[in-house]
Structures are given as C-alpha cells and as structure tokens.
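*Asks:* Here it is, the structure in full.
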Amino acid sequence: MIAALINAIGIVIGGTLGTLFRGRISDRFTNTLMAAMGLVIIGLGVQGAVCSNNTLCVVVSMALGAIIGELLHIDRFLDGVGDKAMNLFKDKKFADGQFSEGFINASVLFVTGAMAILGSIEAGINQNYSILITKTVIDTVVAVTMSSAMGVGVVFSFAPVLIWEGLLTLLAGVVSPVLGAEVITELSAVGGVVFIGMGINMTGITDRKINISNLIPALIIPIIYMPFSAWLGGLF
C-alpha cells in the first residue's frame with residue numbers, strides 16, 4: 001500500500017511540473033530517461049529470474065502464459081477497456097476541455113499497464129517495492145510530458161492508480177500465506193522474465209515490440225504447476 005501511495009505522489013509531482021513548465025521539456029530528455037528506466041527494469045528482471053529453483057516451471061509458465069494470452073487477446077481487452085473509459089465521458093458537459101482528456105488518458109495508461117499488476121503482486125507477496133518504485137519514476141516522467149500537453153487533468157489520475165494498485169497489493173498479501181515459499185519464488189522468477197521483455201521494449205533497442213500484455217497469464221501458471229509437479233513427483 002505504501003508503494004501505491006508513493007506512485008500516486010509521483011504522478012502528482014510529475015503532472016504539476018508538466019503543467020507549470022509547458023513547452024520547456026524536450027523530447028530528447030524524456031526519451032533518454034525512459035531508456036535509462038528500461039535498463040533498470042531489465043536489471044530487476046534478471047535479478048528476479050535468476051532466483052528460480054525450477055527452470056522448467058519458468059519455461060512452462062511463459063509458454064502456456066503466452067498461448068493463453070494470445071487466445072484470450074488480453075492486449076485487445078485492455079485496449080478496449082481504455083477505449084470504453086474514454087468513451088464513457090465523451091460528449092458529457094462536465095467532461096469538456098482538456099481536463100477530462102488528460103485525466104482519462106493518464107488514468108488508462110497508468111492503471112492498465114502490466115507493470116502496475118506485476119509491481120502490486122510483488123509488493124503484496126514479497127513486500128518488495130522496487131518494481132512500483134521504478135514505475136513511480138517512469139510514471140512521473142510520463143506525467144510531466146502528458147500534462148505539458150493536456151494540462152492539470154493528468155494530476156488527478158493519481159486517484160484510480162492509488163485505488164487499483166492498493167487493492168491488488170492488499171489482495172496479494174491476503175493470498176500469499178496460502179501459496180507457499182516455492183510458488184512465490186517461481187512466480188517472482190516468471191515476473192522477472194516478463195520484466196526483461198518490458199525493459200527491452202522501453203529501451204527501443206529492437207524494432208519488434210514484445211506483447212507484454214499477453215504474457216500476464218504466465219503469472220498464474222506457477223500457482224498451478226508447482227502443486228501439480230509435487231503431486232506428480234509423489235506418484236513416482
């Protein structure tokens with residue numbers, strides 16, 4: 001919950017700075033900073049991935065997770081949620097002007113990203129806030145650029161971010177005692193692999209983007225795989 005609050009504060013700070021310094025922040029500065037954060041995310045991903053004690057679990061989780069994500073078209077679903085959120089307020093009198101545009105666009109961007117889900121789960125299960133802290137830096141930079149274009153509405157996107165990440169963190173904390181240490185370790189390792197892909201996308205070192213959204217189901221597989229593997233091993 002603390003990390004979610006810090007994330008919300010970062011958005012407020014970034015949005016306020018962007019509003020105050022409109023037109024004075026260069027794209028070159030923000031692009032370089034985003035690439036630097038991408039390298040940090042790769043480092044966090046490697047750190048999580050190497051902690052695995054069951055490489056096969058990671059391989060199976062990533063493969064099945066990718067298949068499930070592609071079959072369910074999770075990326076399209078998340079895009080659809082964003083479109084519906086924006087259309088919900090479209091043409092409403094109270095939503096006139098750039099305030100609504102900034103608030104809705106920023107809220108969708110900050111809430112629906114895979115980093116919010118992975119970071120909240122890691123914070124709730126392992127009390128590891130590094131992912132959400134890194135997301136805070138990234139969101140702060142993005143909030144600066146968005147608010148410089150769309151105004152103060154971006155600042156108020158902190159509210160849905162705080163609610164969403166706070167709820168996910170609390171939920172993960174509730175279920176963590178049931179999962180067991182081995183499952184949590186492999187879940188963190190799978191999340192680390194996903195993070196490496198996310199970091200690669202952010203650095204822009206390749207033209208081909210990894211579809212991170214469709215890899216989110218991989219996080220569920222270790223919860224099923226590890227007990228099943230233990231049961232199967234007991235039979236032989």
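As shown in the structure tokens, the chain order sets the letters A, B, ...; within each chain, residues go from 1, and ligands are also counted from 1 in the order they appear.
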Could you find all residues in region 9-228 of chain A that DSSP calls alpha helix (DSSP H) from the backbone, and write them as a ChimeraX atom specification?
*Replies:* /A:9-20,27-49,55-72,74-88,98-112,114-126,130-150,158-179,181-203,221-228
*Asks:* Compile the contact shell of Leu71 (chain A) as a list of chain:residue names: residues with an atom at most 12 Å away, counting only C-alpha atoms, same-chain residues fewer than 6 positions apart removed.
*Replies:*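 That gives A:Leu64, A:Gly65, A:Phe77, A:Asn214, A:Leu215, A:Pro217.
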*Asks:* If you keep N, CA, C and O atoms, can you produce a file of those selected residues as a tab-separated table (two decimals), in the first residue's frame?
*Replies:*
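Written output follows (result-v4.tsv):
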chain	number	residue	atom	x	y	z
A	64	LEU	N	2.91	-21.49	-21.73
A	64	LEU	CA	1.45	-21.57	-21.56
A	64	LEU	C	0.83	-20.19	-21.39
A	64	LEU	O	-0.26	-19.92	-21.90
A	65	GLY	N	1.52	-19.32	-20.66
A	65	GLY	CA	1.01	-17.96	-20.46
A	65	GLY	C	0.86	-17.21	-21.76
A	65	GLY	O	-0.14	-16.51	-21.99
A	77	PHE	N	-8.28	-6.67	-25.06
A	77	PHE	CA	-9.19	-6.41	-23.94
A	77	PHE	C	-8.78	-5.14	-23.20
A	77	PHE	O	-9.62	-4.28	-22.90
A	214	ASN	N	-0.03	-9.84	-23.25
A	214	ASN	CA	-0.43	-11.23	-23.47
A	214	ASN	C	0.45	-12.24	-22.72
A	214	ASN	O	0.24	-13.44	-22.82
A	215	LEU	N	1.43	-11.74	-21.99
A	215	LEU	CA	2.25	-12.62	-21.16
A	215	LEU	C	1.81	-12.62	-19.69
A	215	LEU	O	2.33	-13.40	-18.89
A	217	PRO	N	-0.84	-13.84	-18.21
A	217	PRO	CA	-1.32	-15.13	-17.67
A	217	PRO	C	-0.20	-16.04	-17.18
A	217	PRO	O	-0.46	-16.96	-16.39
*Asks:* Can you pull out every residue within 9 Å of region 126-129 of chain A, counting only C-alpha atoms, but drop anything in the same chain fewer than 5 positions away, and send it as a VMD selection string?
*Replies:* chain A and resid 2 to 3 119 to 121 134 173 176 184 188
*Asks:* Can you tell me, as a count of residues only, what residues are no more than 12 Å from region 34-41 of chain A when counting only C-alpha atoms, ignoring any on the same chain fewer than 5 positions away?
*Replies:* 38
*Asks:* One number please: CA of Ala106 (chain A) to CA of Phe21 (chain A), in Å, one decimal.
*Replies:* 18.0 Å
*Asks:* Can you measure CA of Leu167 (chain A) to CA of Ile104 (chain A) for me? One decimal in Å is fine.
*Replies:*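 Separation between CA of Leu167 (chain A) and CA of Ile104 (chain A): 19.9 Å.
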*Asks:* Go through A:Met226, A:Ala116, A:Ala49, A:Ile221 and flag the residue nearest Leu162 (chain A), using only C-alpha atoms for the distances.
*Replies:*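 Ranked by minimum distance to Leu162 (chain A), first place goes to A:Ala116.
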*Asks:* Could you name the residues that touch Val161 (chain A) at 10 Å or less, counting only C-alpha atoms, but leaving out those on the same chain fewer than 6 positions away, as a PyMOL selection string?
*Replies:* chain A and resi 4-5+7-8+11+106-112+116+167
*Asks:* Since we have the selection now, will you write its residues out, keeping C-alpha atoms, as a PDB file, in the first residue's frame?
*Replies:*
ATOM      1  CA  ALA A   4       0.976   2.569  -4.320  1.00  0.00           C
ATOM      2  CA  LEU A   5       0.857   5.815  -2.341  1.00  0.00           C
ATOM      3  CA  ASN A   7       3.319   6.017  -7.099  1.00  0.00           C
ATOM      4  CA  ALA A   8       0.337   8.329  -6.712  1.00  0.00           C
ATOM      5  CA  ILE A  11       2.120  11.251 -10.630  1.00  0.00           C
ATOM      6  CA  ALA A 106      -3.388   9.261 -17.991  1.00  0.00           C
ATOM      7  CA  SER A 107      -5.590   7.050 -15.806  1.00  0.00           C
ATOM      8  CA  VAL A 108      -5.899   4.389 -18.510  1.00  0.00           C
ATOM      9  CA  LEU A 109      -2.157   4.468 -19.209  1.00  0.00           C
ATOM     10  CA  PHE A 110      -1.062   4.242 -15.574  1.00  0.00           C
ATOM     11  CA  VAL A 111      -3.630   1.652 -14.463  1.00  0.00           C
ATOM     12  CA  THR A 112      -3.816  -0.864 -17.326  1.00  0.00           C
ATOM     13  CA  ALA A 116       1.065  -1.984 -12.192  1.00  0.00           C
ATOM     14  CA  LEU A 167      -6.387  -3.191  -3.855  1.00  0.00           C
TER      15      LEU A 167
END
*Asks:* With distances taken over only C-alpha atoms, which residue among A:Ile223, A:Val183, A:His73, A:Asn31 lies nearest Cys51 (chain A)?
*Replies:* A:Val183
*Asks:* Between CA of Ile74 (chain A) and CA of Ser213 (chain A), what distance in Å does the model show, to one decimal?
*Replies:*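 Between CA of Ile74 (chain A) and CA of Ser213 (chain A) the gap is 6.2 Å.
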*Asks:* Write out as a list in words each polymer residue whose atoms come within 7 Å of Pro222 (chain A), counting only C-alpha atoms; drop sequence neighbours fewer than 3 positions from it.
*Replies:*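 Those residues are Cys57, Ser61, Val183, Glu186, Leu187, Leu219, Tyr225 and Met226 of chain A.
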*Asks:* I need the residues from that last selection saved to file as a PDB file, in the first residue's frame (with N, CA, C and O atoms), if you can.
*Replies:*
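Below is the file again-v3.pdb, written as the result:
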ATOM      1  N   CYS A  57       9.632 -24.862 -14.592  1.00  0.00           N
ATOM      2  CA  CYS A  57       8.409 -24.139 -14.226  1.00  0.00           C
ATOM      3  C   CYS A  57       8.339 -22.799 -14.952  1.00  0.00           C
ATOM      4  O   CYS A  57       7.285 -22.409 -15.456  1.00  0.00           O
ATOM      5  N   SER A  61       5.584 -21.970 -17.714  1.00  0.00           N
ATOM      6  CA  SER A  61       4.723 -20.833 -17.386  1.00  0.00           C
ATOM      7  C   SER A  61       4.720 -19.795 -18.503  1.00  0.00           C
ATOM      8  O   SER A  61       3.666 -19.286 -18.891  1.00  0.00           O
ATOM      9  N   VAL A 183       6.177 -21.613  -4.504  1.00  0.00           N
ATOM     10  CA  VAL A 183       5.327 -20.998  -5.530  1.00  0.00           C
ATOM     11  C   VAL A 183       5.670 -19.524  -5.684  1.00  0.00           C
ATOM     12  O   VAL A 183       5.776 -19.010  -6.806  1.00  0.00           O
ATOM     13  N   GLU A 186       8.948 -19.023  -7.681  1.00  0.00           N
ATOM     14  CA  GLU A 186       8.815 -19.228  -9.129  1.00  0.00           C
ATOM     15  C   GLU A 186       7.933 -18.154  -9.762  1.00  0.00           C
ATOM     16  O   GLU A 186       8.162 -17.745 -10.894  1.00  0.00           O
ATOM     17  N   LEU A 187       6.940 -17.687  -9.020  1.00  0.00           N
ATOM     18  CA  LEU A 187       6.102 -16.603  -9.525  1.00  0.00           C
ATOM     19  C   LEU A 187       6.944 -15.348  -9.739  1.00  0.00           C
ATOM     20  O   LEU A 187       6.809 -14.649 -10.753  1.00  0.00           O
ATOM     21  N   LEU A 219       1.863 -15.471 -15.045  1.00  0.00           N
ATOM     22  CA  LEU A 219       1.991 -15.317 -13.596  1.00  0.00           C
ATOM     23  C   LEU A 219       1.099 -16.287 -12.828  1.00  0.00           C
ATOM     24  O   LEU A 219       1.344 -16.563 -11.651  1.00  0.00           O
ATOM     25  N   TYR A 225       1.254 -25.091 -11.458  1.00  0.00           N
ATOM     26  CA  TYR A 225       2.329 -26.008 -11.834  1.00  0.00           C
ATOM     27  C   TYR A 225       3.028 -26.622 -10.625  1.00  0.00           C
ATOM     28  O   TYR A 225       3.270 -27.845 -10.592  1.00  0.00           O
ATOM     29  N   MET A 226       3.376 -25.813  -9.649  1.00  0.00           N
ATOM     30  CA  MET A 226       4.175 -26.310  -8.526  1.00  0.00           C
ATOM     31  C   MET A 226       3.445 -27.380  -7.709  1.00  0.00           C
ATOM     32  O   MET A 226       4.027 -28.448  -7.446  1.00  0.00           O
TER      33      MET A 226
END
*Asks:* Applying 8 Å and only C-alpha atoms, which residues near Met146 (chain A) remain after dropping the ones on its own chain fewer than 6 positions away? List them as a list in words.
*Replies:*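 Once the nearby chain positions are removed, what remains is Gly15, Gly18, Gly102, Ala106 and Val154 of chain A.
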*Asks:* Rank nothing, just name the residue among A:Ala123, A:Val50, A:Met62, A:Leu72 nearest to Leu168 (chain A), using only C-alpha atoms.
*Replies:* A:Ala123
